[in-house]
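S.K.: One structure, as structure tokens, below. Some questions next.
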Amino acid sequence: MATQEEYNYQRIAEAIEYIREHFRGQPNLAEMARHIHLSPYHFQRLFTEWAGVSPKKFLQYISVEHAKQMLLDGKTTLSDTAHETGLSGTGRLHDLFISIEGMTPGEFKNGGRNLTVNYGFLHTPFGQALVATTTKGVCFMAFDEDNKNAFDELFHYFPNAKFLRQSSPHISGIHQVFDSGSNGITRLKLHLRGTPFQLKVWDALLKIPSGRLTSYGVLASQIEQPGASRAVGTAIGQNPVAFLIPCHRVIRANGLVGGYRWGTTRKAAMIGWEAAKFKRYWNEQLDLLEDMLESEDNLKNE
């Protein structure tokens with residue numbers, strides 16, 4: 001006999017399949033709930049608990065993925081794309097892309113056209129990294145010993161951009177980040193492209209101090225979405241800027257390091273490196289404080 005948990009999973013799986021098959025009709029919450037014989041309220045709560053996002057947001061994800069595939073073929077107009085996705089017009093398509101992709105449909109279709117991306121390969125304490133920047137800031141960083149693999153991943157993000165293998169002030173600034181006595185990361189500018197949810201998660205990651213760790217659940221609570229641990233984990237995994245956006249500082253609630261896009265061994269090394277740096281910093285501050293107190297005592301005794 002199936003447990004309640006198994007039964008709930010089956011219902012959500014059925015709802016997901018329904019949304020995938022009927023997204024062109026843009027079903028509302030009541031229609032989705034009716035399909036699996038639940039009230040809209042209970043369906044909303046159960047779906048969000050299992051999927052990490054609301055039914056409406058999941059429908060938007062499915063819709064935008066379909067629209068992206070149509071736009072990538074280069075032959076479909078925005079109007080046709082909106083119609084085939086079940087949207088009333090290009091205005092709704094525009095709003096959907098802004099909400100989910102953080103860019104307009106035209107910008108997605110252009111794939112970075114008219115954008116110049118400077119890139120270079122850096123040697124770091126954690127292996128070789130490819131770093132790319134625009135005039136606005138660092139837009140990509142990935143660890144990979146294979147130059148071609150690293151560049152192919154960068155190209156995937158900006159397929160129509162102009163790439164120049166040359167340094168830039170932003171790339172030069174990254175060297176300071178790996179200086180054990182520097183806090184240069186606070187002065188770096190980032191040029192990120194993502195959904196509002198992804199940007200919210202990445203911003204929360206930037207607020208985790210060096211040498212400190214957090215969990216997926218705690219991070220979800222910090223962005224005021226305590227039930228969205230899975231969605232937070234997905235957004236962390238889609239971080240386009242390794243180390244600078246410190247997704248390596250998020251571990252599992254049980255204390256295990258957990259997965260990492262650029263390798264769990266590298267993640268463990270980063271955590272250890274930052275912990276040592278953090279300890280050394282506070283030892284230096286304590287030494288400085290002791291020197292100041294000693295100087296004050298000497299002045300009083302004179």
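Every chain in the structure tokens has a letter given in the order shown (A, B, ...), and although residue numbers restart at 1 in each chain, ligands are simply numbered from 1 in the order shown.
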Using only C-alpha atoms, tabulate the residues of stretch 14-80 of chain A lying at most 12 Å from any atom of stretch 221-238 of chain A, each with its closest atom pair and that distance in Å to one decimal, by chain and increasing residue number, as JSON lines.

M.R.:
{"residue": "A:Arg45", "atom": "CA", "partner": "A:Gly227", "partner_atom": "CA", "distance": 9.9}
{"residue": "A:Leu46", "atom": "CA", "partner": "A:Gly227", "partner_atom": "CA", "distance": 10.8}
{"residue": "A:Phe47", "atom": "CA", "partner": "A:Gly227", "partner_atom": "CA", "distance": 10.9}
{"residue": "A:Thr48", "atom": "CA", "partner": "A:Gly227", "partner_atom": "CA", "distance": 7.5}
{"residue": "A:Glu49", "atom": "CA", "partner": "A:Gly227", "partner_atom": "CA", "distance": 6.2}
{"residue": "A:Trp50", "atom": "CA", "partner": "A:Arg230", "partner_atom": "CA", "distance": 8.8}
{"residue": "A:Ala51", "atom": "CA", "partner": "A:Arg230", "partner_atom": "CA", "distance": 7.5}
{"residue": "A:Gly52", "atom": "CA", "partner": "A:Ala228", "partner_atom": "CA", "distance": 4.5}
{"residue": "A:Val53", "atom": "CA", "partner": "A:Ala228", "partner_atom": "CA", "distance": 6.7}
{"residue": "A:Ser54", "atom": "CA", "partner": "A:Ala228", "partner_atom": "CA", "distance": 9.6}
{"residue": "A:Lys57", "atom": "CA", "partner": "A:Ala231", "partner_atom": "CA", "distance": 11.3}
{"residue": "A:Phe58", "atom": "CA", "partner": "A:Ala231", "partner_atom": "CA", "distance": 11.0}

S.K.: Restricting it to all heavy atoms, dump the selection as an mmCIF file, in the first residue's frame.

M.R.:
data_model
loop_
_atom_site.group_PDB
_atom_site.id
_atom_site.type_symbol
_atom_site.label_atom_id
_atom_site.label_comp_id
_atom_site.auth_asym_id
_atom_site.auth_seq_id
_atom_site.Cartn_x
_atom_site.Cartn_y
_atom_site.Cartn_z
ATOM 1 N N ARG A 45 -0.077 24.625 -2.282
ATOM 2 C CA ARG A 45 0.832 24.312 -1.168
ATOM 3 C C ARG A 45 1.617 23.028 -1.429
ATOM 4 O O ARG A 45 2.839 22.987 -1.234
ATOM 5 C CB ARG A 45 0.030 24.167 0.125
ATOM 6 C CG ARG A 45 0.905 24.036 1.369
ATOM 7 C CD ARG A 45 0.066 23.984 2.625
ATOM 8 N NE ARG A 45 -0.757 22.770 2.669
ATOM 9 C CZ ARG A 45 -1.552 22.450 3.686
ATOM 10 N NH1 ARG A 45 -1.671 23.276 4.706
ATOM 11 N NH2 ARG A 45 -2.253 21.331 3.660
ATOM 12 N N LEU A 46 0.946 21.978 -1.905
ATOM 13 C CA LEU A 46 1.602 20.696 -2.143
ATOM 14 C C LEU A 46 2.609 20.790 -3.281
ATOM 15 O O LEU A 46 3.731 20.270 -3.185
ATOM 16 C CB LEU A 46 0.547 19.621 -2.452
ATOM 17 C CG LEU A 46 1.069 18.187 -2.611
ATOM 18 C CD1 LEU A 46 1.675 17.689 -1.308
ATOM 19 C CD2 LEU A 46 -0.068 17.262 -3.069
ATOM 20 N N PHE A 47 2.233 21.461 -4.368
ATOM 21 C CA PHE A 47 3.122 21.569 -5.523
ATOM 22 C C PHE A 47 4.389 22.343 -5.145
ATOM 23 O O PHE A 47 5.504 21.937 -5.490
ATOM 24 C CB PHE A 47 2.402 22.278 -6.677
ATOM 25 C CG PHE A 47 3.152 22.209 -7.984
ATOM 26 C CD1 PHE A 47 2.839 21.253 -8.938
ATOM 27 C CD2 PHE A 47 4.189 23.107 -8.270
ATOM 28 C CE1 PHE A 47 3.531 21.186 -10.144
ATOM 29 C CE2 PHE A 47 4.878 23.051 -9.466
ATOM 30 C CZ PHE A 47 4.547 22.085 -10.399
ATOM 31 N N THR A 48 4.214 23.455 -4.432
ATOM 32 C CA THR A 48 5.358 24.278 -4.040
ATOM 33 C C THR A 48 6.285 23.512 -3.112
ATOM 34 O O THR A 48 7.514 23.620 -3.206
ATOM 35 C CB THR A 48 4.880 25.574 -3.352
ATOM 36 O OG1 THR A 48 4.007 26.277 -4.242
ATOM 37 C CG2 THR A 48 6.058 26.472 -3.002
ATOM 38 N N GLU A 49 5.710 22.708 -2.232
ATOM 39 C CA GLU A 49 6.507 21.913 -1.298
ATOM 40 C C GLU A 49 7.371 20.901 -2.032
ATOM 41 O O GLU A 49 8.541 20.691 -1.694
ATOM 42 C CB GLU A 49 5.581 21.196 -0.319
ATOM 43 C CG GLU A 49 6.306 20.287 0.673
ATOM 44 C CD GLU A 49 5.337 19.530 1.572
ATOM 45 O OE1 GLU A 49 4.187 19.987 1.725
ATOM 46 O OE2 GLU A 49 5.732 18.477 2.102
ATOM 47 N N TRP A 50 6.803 20.272 -3.070
ATOM 48 C CA TRP A 50 7.533 19.229 -3.794
ATOM 49 C C TRP A 50 8.439 19.771 -4.887
ATOM 50 O O TRP A 50 9.538 19.270 -5.085
ATOM 51 C CB TRP A 50 6.536 18.234 -4.401
ATOM 52 C CG TRP A 50 6.095 17.205 -3.424
ATOM 53 C CD1 TRP A 50 5.077 17.316 -2.513
ATOM 54 C CD2 TRP A 50 6.663 15.910 -3.219
ATOM 55 N NE1 TRP A 50 4.980 16.167 -1.770
ATOM 56 C CE2 TRP A 50 5.942 15.276 -2.171
ATOM 57 C CE3 TRP A 50 7.698 15.216 -3.814
ATOM 58 C CZ2 TRP A 50 6.236 14.002 -1.723
ATOM 59 C CZ3 TRP A 50 7.998 13.931 -3.368
ATOM 60 C CH2 TRP A 50 7.272 13.342 -2.336
ATOM 61 N N ALA A 51 7.990 20.778 -5.613
ATOM 62 C CA ALA A 51 8.757 21.280 -6.764
ATOM 63 C C ALA A 51 9.672 22.438 -6.412
ATOM 64 O O ALA A 51 10.582 22.770 -7.179
ATOM 65 C CB ALA A 51 7.796 21.710 -7.875
ATOM 66 N N GLY A 52 9.436 23.089 -5.272
ATOM 67 C CA GLY A 52 10.280 24.212 -4.880
ATOM 68 C C GLY A 52 9.873 25.525 -5.511
ATOM 69 O O GLY A 52 10.427 26.577 -5.181
ATOM 70 N N VAL A 53 8.909 25.483 -6.429
ATOM 71 C CA VAL A 53 8.365 26.692 -7.054
ATOM 72 C C VAL A 53 6.852 26.538 -7.132
ATOM 73 O O VAL A 53 6.322 25.427 -7.039
ATOM 74 C CB VAL A 53 8.939 26.938 -8.470
ATOM 75 C CG1 VAL A 53 10.426 27.229 -8.416
ATOM 76 C CG2 VAL A 53 8.658 25.749 -9.382
ATOM 77 N N SER A 54 6.154 27.639 -7.329
ATOM 78 C CA SER A 54 4.701 27.582 -7.444
ATOM 79 C C SER A 54 4.285 26.981 -8.789
ATOM 80 O O SER A 54 5.078 26.969 -9.730
ATOM 81 C CB SER A 54 4.113 28.987 -7.312
ATOM 82 O OG SER A 54 4.484 29.771 -8.438
ATOM 83 N N LYS A 57 4.776 29.545 -11.507
ATOM 84 C CA LYS A 57 6.178 29.742 -11.888
ATOM 85 C C LYS A 57 6.673 28.575 -12.738
ATOM 86 O O LYS A 57 7.410 28.765 -13.705
ATOM 87 C CB LYS A 57 7.035 29.895 -10.635
ATOM 88 C CG LYS A 57 8.495 30.230 -10.912
ATOM 89 C CD LYS A 57 8.644 31.579 -11.590
ATOM 90 C CE LYS A 57 8.283 32.711 -10.661
ATOM 91 N NZ LYS A 57 8.545 34.046 -11.257
ATOM 92 N N PHE A 58 6.247 27.346 -12.394
ATOM 93 C CA PHE A 58 6.646 26.186 -13.184
ATOM 94 C C PHE A 58 6.092 26.292 -14.602
ATOM 95 O O PHE A 58 6.787 25.990 -15.577
ATOM 96 C CB PHE A 58 6.162 24.897 -12.526
ATOM 97 C CG PHE A 58 6.635 23.651 -13.223
ATOM 98 C CD1 PHE A 58 7.921 23.178 -13.032
ATOM 99 C CD2 PHE A 58 5.790 22.960 -14.093
ATOM 100 C CE1 PHE A 58 8.363 22.035 -13.687
ATOM 101 C CE2 PHE A 58 6.227 21.829 -14.743
ATOM 102 C CZ PHE A 58 7.511 21.360 -14.532
#

S.K.: Tell me, counting only C-alpha atoms, for each residue of stretch 127-228 of chain A within 8 Å of stretch 268-276 of chain A, which pair of atoms is nearest and how far apart they are in Å to one decimal, in rows ordered by chain and increasing number, as JSON lines.

M.R.:
{"residue": "A:Ser210", "atom": "CA", "partner": "A:Glu274", "partner_atom": "CA", "distance": 6.1}
{"residue": "A:Gly211", "atom": "CA", "partner": "A:Ala275", "partner_atom": "CA", "distance": 4.4}
{"residue": "A:Arg212", "atom": "CA", "partner": "A:Ala275", "partner_atom": "CA", "distance": 7.4}

S.K.: Just list the residues in stretch 16-85 of chain A DSSP gives alpha helix (DSSP H) on the backbone, as JSON, numbers by chain.

M.R.: {"A": [16, 17, 18, 19, 20, 21, 22, 29, 30, 31, 32, 33, 34, 35, 40, 41, 42, 43, 44, 45, 46, 47, 48, 49, 50, 51, 55, 56, 57, 58, 59, 60, 61, 62, 63, 64, 65, 66, 67, 68, 69, 70, 71, 72, 78, 79, 80, 81, 82, 83, 84]}

S.K.: What would the file look like if the residues just selected were written as an mmCIF file, in the first residue's frame with C-alpha atoms?

M.R.:
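Writing done, so here's part.cif:
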data_model
loop_
_atom_site.group_PDB
_atom_site.id
_atom_site.type_symbol
_atom_site.label_atom_id
_atom_site.label_comp_id
_atom_site.auth_asym_id
_atom_site.auth_seq_id
_atom_site.Cartn_x
_atom_site.Cartn_y
_atom_site.Cartn_z
ATOM 1 C CA ILE A 16 3.811 18.311 -13.918
ATOM 2 C CA GLU A 17 2.984 16.109 -16.885
ATOM 3 C CA TYR A 18 -0.330 17.939 -17.320
ATOM 4 C CA ILE A 19 1.407 21.327 -17.343
ATOM 5 C CA ARG A 20 3.974 20.117 -19.883
ATOM 6 C CA GLU A 21 1.269 18.828 -22.203
ATOM 7 C CA HIS A 22 -1.110 21.792 -21.852
ATOM 8 C CA LEU A 29 -4.373 27.390 -10.890
ATOM 9 C CA ALA A 30 -7.942 26.096 -10.639
ATOM 10 C CA GLU A 31 -7.616 24.099 -13.874
ATOM 11 C CA MET A 32 -4.352 22.498 -12.742
ATOM 12 C CA ALA A 33 -5.776 21.657 -9.322
ATOM 13 C CA ARG A 34 -8.951 20.195 -10.780
ATOM 14 C CA HIS A 35 -6.916 17.786 -12.904
ATOM 15 C CA PRO A 40 -6.485 25.335 -5.577
ATOM 16 C CA TYR A 41 -5.212 26.131 -2.056
ATOM 17 C CA HIS A 42 -4.026 22.586 -1.280
ATOM 18 C CA PHE A 43 -2.630 22.100 -4.780
ATOM 19 C CA GLN A 44 -0.610 25.336 -4.532
ATOM 20 C CA ARG A 45 0.832 24.312 -1.168
ATOM 21 C CA LEU A 46 1.602 20.696 -2.143
ATOM 22 C CA PHE A 47 3.122 21.569 -5.523
ATOM 23 C CA THR A 48 5.358 24.278 -4.040
ATOM 24 C CA GLU A 49 6.507 21.913 -1.298
ATOM 25 C CA TRP A 50 7.533 19.229 -3.794
ATOM 26 C CA ALA A 51 8.757 21.280 -6.764
ATOM 27 C CA PRO A 55 2.558 25.964 -10.204
ATOM 28 C CA LYS A 56 2.392 29.350 -11.962
ATOM 29 C CA LYS A 57 6.178 29.742 -11.888
ATOM 30 C CA PHE A 58 6.646 26.186 -13.184
ATOM 31 C CA LEU A 59 4.239 26.949 -16.040
ATOM 32 C CA GLN A 60 6.306 30.041 -16.821
ATOM 33 C CA TYR A 61 9.508 27.979 -16.899
ATOM 34 C CA ILE A 62 7.978 25.467 -19.324
ATOM 35 C CA SER A 63 6.591 28.287 -21.496
ATOM 36 C CA VAL A 64 9.838 30.228 -21.681
ATOM 37 C CA GLU A 65 11.864 27.099 -22.508
ATOM 38 C CA HIS A 66 9.540 26.420 -25.435
ATOM 39 C CA ALA A 67 9.820 30.052 -26.560
ATOM 40 C CA LYS A 68 13.621 29.929 -26.302
ATOM 41 C CA GLN A 69 13.794 26.879 -28.567
ATOM 42 C CA MET A 70 11.661 28.681 -31.162
ATOM 43 C CA LEU A 71 13.741 31.846 -31.021
ATOM 44 C CA LEU A 72 17.029 29.972 -31.309
ATOM 45 C CA LEU A 78 8.405 37.254 -31.704
ATOM 46 C CA SER A 79 4.713 37.362 -32.632
ATOM 47 C CA ASP A 80 4.697 33.742 -33.839
ATOM 48 C CA THR A 81 6.642 32.661 -30.767
ATOM 49 C CA ALA A 82 4.118 34.316 -28.460
ATOM 50 C CA HIS A 83 1.210 32.661 -30.303
ATOM 51 C CA GLU A 84 2.776 29.182 -30.303
#

S.K.: For A:Phe121, find every residue with an atom within 7 Å (counting only C-alpha atoms), except residues of its own chain fewer than 3 positions away, and show them as a ChimeraX atom specification.

M.R.: /A:128-131

S.K.: What lies within 9 Å of A:Pro240 using only C-alpha atoms, ignoring chain neighbours under 5 positions off, as a PyMOL selection string?

M.R.: chain A and resi 139-142+157+192-193+245

S.K.: Write to file, as an mmCIF file, in the first residue's frame, the residues of the selection just made, with N, CA and C atoms.

M.R.:
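The new file again-v3.cif reads:
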data_model
loop_
_atom_site.group_PDB
_atom_site.id
_atom_site.type_symbol
_atom_site.label_atom_id
_atom_site.label_comp_id
_atom_site.auth_asym_id
_atom_site.auth_seq_id
_atom_site.Cartn_x
_atom_site.Cartn_y
_atom_site.Cartn_z
ATOM 1 N N CYS A 139 31.580 38.797 -16.050
ATOM 2 C CA CYS A 139 30.334 38.121 -16.431
ATOM 3 C C CYS A 139 30.437 36.607 -16.381
ATOM 4 N N PHE A 140 31.673 36.075 -16.232
ATOM 5 C CA PHE A 140 31.837 34.622 -16.271
ATOM 6 C C PHE A 140 33.179 34.251 -15.654
ATOM 7 N N MET A 141 33.177 33.155 -14.895
ATOM 8 C CA MET A 141 34.421 32.589 -14.385
ATOM 9 C C MET A 141 34.191 31.112 -14.139
ATOM 10 N N ALA A 142 35.083 30.274 -14.667
ATOM 11 C CA ALA A 142 34.926 28.831 -14.519
ATOM 12 C C ALA A 142 36.293 28.179 -14.413
ATOM 13 N N TYR A 157 27.058 30.876 -23.211
ATOM 14 C CA TYR A 157 26.375 31.984 -22.552
ATOM 15 C C TYR A 157 26.168 33.164 -23.506
ATOM 16 N N LEU A 192 25.919 40.377 -14.279
ATOM 17 C CA LEU A 192 25.195 39.118 -14.226
ATOM 18 C C LEU A 192 23.909 39.174 -15.022
ATOM 19 N N ARG A 193 23.578 38.040 -15.603
ATOM 20 C CA ARG A 193 22.326 37.897 -16.341
ATOM 21 C C ARG A 193 21.615 36.677 -15.782
ATOM 22 N N ILE A 245 31.230 34.695 -6.822
ATOM 23 C CA ILE A 245 29.931 34.490 -6.184
ATOM 24 C C ILE A 245 30.101 33.186 -5.416
#

S.K.: Output as a VMD selection string all residues of stretch 19-211 of chain A that backbone DSSP marks as strand (DSSP E).

M.R.: chain A and resid 116 to 124 127 to 133 138 to 143 162 to 165

S.K.: Considering only C-alpha atoms, state which residue in the set A:Tyr119, A:Phe151, A:Tyr9, A:Phe278 is at the smallest distance from A:Gly137.

M.R.: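 That would be A:Tyr119, the residue with the smallest distance to A:Gly137.
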